[in-house]
Amino acid sequence: CGNNEQDTKVESFEYHIRASKMEGCDSSSTVQSCNNHRTYFEVNVSRDTFKFNAAHFVAYQGFRERLHGHNYRVSVRLLGSRSIGADGYVIDFGCVKAITKQVCKDLNEHFLCPTRSNVLTITTTEEEEGKNGDADDEVEKRSIVKVVCEDGSTFVFPRVDCAMLPIVHATAEELAIYVWGEILKGLNDDYLLARGIHTMEVTVSEAPGQDATFRMGIPGPESEVNKDQVCDVSRYVSNGNVVPMPCASTTEDWRGNKNKKRIKTEAPPDNGCKNDCCIGSQNKLSKQLQALADAMNNGAFQNDPKGKSISVQDLQGVLDAV
């Protein structure tokens with residue numbers, strides 16, 4: 001994995017040397033003398049090919065997003081020791097580039113399926129069909145992934161279009177853990193430790209300004225957990241109920257974001273908030289309910305003589321007018 005690739009595409013490689021109190025430590029100084037000062041090396045690697053386009057939705061108890069997609073980007077940061085290798089590297093950029101690019105390629109243009117979800121029922125089955133849709137034709141088998149949500153919504157995907165990931169939720173945070181583990185496997189933990197690299201950081205961005213970063217020390221022979229345990233996403237997901245926001249009315253969930261769907265339709269819990277945001281939300285709800293009651297009392301929703309029934313759009317029109 002030598003770093004001799006010639007590529008005219010935009011690349012961004014950063015090689016940081018962070019040092020303090022380096023007086024007297026120049027190119028003629030020995031490693032031993034330089035190590036007496038607080039120094040360390042780190043490598044940051046990002047590139048326009050460290051990206052993947054994928055579909056997903058986040059689901060947890062009582063809630064799920066609508067199916068949608070992102071143009072994800074990945075960057076990698078490796079923290080080394082107070083000296084670099086005999087080859088002048090913390091690590092060869094080419095190694096990091098090749099492995100990270102492959103991880104992104106494996107996820108590109110797939111549905112990110114969280115196989116450890118506790119609210120989704122995920123099954124994989126084999127279906128048989130004629131090559132031309134005719135029962136007399138030669139039978140061809142295809143693998144199908146079926147995802148059933150709490151609200152009964154069902155998604156069916158070809159298996160080849162799914163990335164079956166060992167994660168609980170398809171969030172940027174859990175994707176960062178997963179990608180971290182895949183890069184670690186590719187780079188080899190023993191190799192990284194031998195080069196003095198003690199920590200790796202992976203950042204996954206689902207949109208500009210929306211990044212999730214996972215940072216972890218490289219597990220060594222004396223680590224309390226092994227490599228497989230470190231990469232187990234479920235280790236980092238809290239158990240129990242979701243902690244409510246102090247002010248529920250300010251969340252996208254309660255503002256009716258078009259990409260989000262609340263499965264349960266009860267009103268937001270009383271969180272004791274007396275701020276204008278919550279009071280305003282409650283007042284607006286009261287006004288909407290009053291407008292709906294007035295419309296019903298005034299006969300606005302009497303059935304049409306032609307048999308037309310009241311629609312959701314009719315009710316929504318009254319609420320939107322408030």
# chains A, B, ... in the order shown; residues from 1 in each chain; ligands from 1
call {"tool": "residues_around", "arguments": {"residues": "range 192-207 of chain A", "least_positions_apart": "2", "cutoff": "9 Å", "atoms": "only C-alpha atoms", "output": "PyMOL selection string"}}
result
chain A and resi 41-42+69-85+89-91+172-173+175-177+179-180+183-184+187-190+209-220
call {"tool": "atom_distance", "arguments": {"atom1": "CA of Thr121 in chain A", "atom2": "CA of Lys146 in chain A"}}
result
7.9 Å
call {"tool": "closest_residue", "arguments": {"among": "A:Ala55, A:Leu112, A:Val145, A:Val237", "to": "Glu126 in chain A", "atoms": "only C-alpha atoms"}}
result
A:Val145
call {"tool": "atom_distance", "arguments": {"atom1": "CA of Glu109 in chain A", "atom2": "CA of Val168 in chain A"}}
result
20.1 Å
call {"tool": "closest_residue", "arguments": {"among": "A:Phe93, A:Tyr191, A:Tyr178, A:Tyr40", "to": "Asp232 in chain A", "atoms": "only C-alpha atoms"}}
result
A:Tyr178
call {"tool": "atom_distance", "arguments": {"atom1": "CA of Asn118 in chain A", "atom2": "CA of Gln61 in chain A"}}
result
8.1 Å
call {"tool": "select_by_dssp", "arguments": {"residues": "range 73-244 of chain A", "states": "alpha helix (DSSP H)", "output": "PyMOL selection string"}}
result
chain A and resi 93-107+172-187+189-194+227-230
call {"tool": "closest_residue", "arguments": {"among": "A:Gly94, A:Pro158, A:Pro166, A:Gly62", "to": "Ser234 in chain A", "atoms": "only C-alpha atoms"}}
result
A:Pro166
call {"tool": "residues_around", "arguments": {"residues": "Ala170 in chain A", "least_positions_apart": "6", "cutoff": "9 Å", "atoms": "only C-alpha atoms", "output": "JSON, numbers by chain"}}
result
{"A": [56, 57, 58, 59, 112, 113, 114]}
call {"tool": "write_last_selection", "arguments": {"atoms": "all heavy atoms", "output": "short mmCIF file (atom, residue, chain, number, x, y, z; two decimals), in the first residue's frame"}}
result
data_model
loop_
_atom_site.label_atom_id
_atom_site.label_comp_id
_atom_site.auth_asym_id
_atom_site.auth_seq_id
_atom_site.Cartn_x
_atom_site.Cartn_y
_atom_site.Cartn_z
N HIS A 56 -31.44 5.28 4.54
CA HIS A 56 -31.60 4.78 5.91
C HIS A 56 -32.82 5.42 6.55
O HIS A 56 -33.43 6.33 6.00
CB HIS A 56 -30.35 5.08 6.75
CG HIS A 56 -30.35 6.45 7.37
ND1 HIS A 56 -30.01 6.70 8.68
CD2 HIS A 56 -30.70 7.67 6.85
CE1 HIS A 56 -30.12 7.99 8.94
NE2 HIS A 56 -30.52 8.60 7.85
N PHE A 57 -33.18 4.94 7.71
CA PHE A 57 -34.08 5.66 8.60
C PHE A 57 -33.75 5.23 10.02
O PHE A 57 -33.33 4.11 10.27
CB PHE A 57 -35.57 5.40 8.27
CG PHE A 57 -36.02 3.97 8.39
CD1 PHE A 57 -36.43 3.45 9.62
CD2 PHE A 57 -36.05 3.13 7.28
CE1 PHE A 57 -36.87 2.14 9.73
CE2 PHE A 57 -36.48 1.83 7.37
CZ PHE A 57 -36.90 1.32 8.61
N VAL A 58 -33.88 6.18 10.94
CA VAL A 58 -33.62 5.91 12.35
C VAL A 58 -34.92 5.47 13.01
O VAL A 58 -35.96 6.10 12.79
CB VAL A 58 -33.06 7.15 13.06
CG1 VAL A 58 -32.89 6.91 14.55
CG2 VAL A 58 -31.72 7.56 12.43
N ALA A 59 -34.85 4.41 13.80
CA ALA A 59 -36.04 3.91 14.50
C ALA A 59 -35.69 3.52 15.92
O ALA A 59 -34.67 2.88 16.15
CB ALA A 59 -36.64 2.72 13.75
N LEU A 112 -28.91 1.04 4.51
CA LEU A 112 -28.16 0.72 5.73
C LEU A 112 -29.12 0.04 6.71
O LEU A 112 -29.94 0.71 7.35
CB LEU A 112 -27.56 1.99 6.33
CG LEU A 112 -26.70 2.81 5.37
CD1 LEU A 112 -26.17 4.07 6.07
CD2 LEU A 112 -25.55 1.99 4.81
N CYS A 113 -29.01 -1.26 6.82
CA CYS A 113 -29.96 -2.05 7.60
C CYS A 113 -29.37 -2.36 8.98
O CYS A 113 -28.38 -3.10 9.09
CB CYS A 113 -30.28 -3.34 6.87
SG CYS A 113 -31.60 -4.31 7.63
N PRO A 114 -29.96 -1.84 10.06
CA PRO A 114 -29.43 -2.07 11.42
C PRO A 114 -29.90 -3.41 11.97
O PRO A 114 -30.98 -3.53 12.55
CB PRO A 114 -30.03 -0.89 12.21
CG PRO A 114 -31.33 -0.61 11.53
CD PRO A 114 -31.13 -0.93 10.06
#
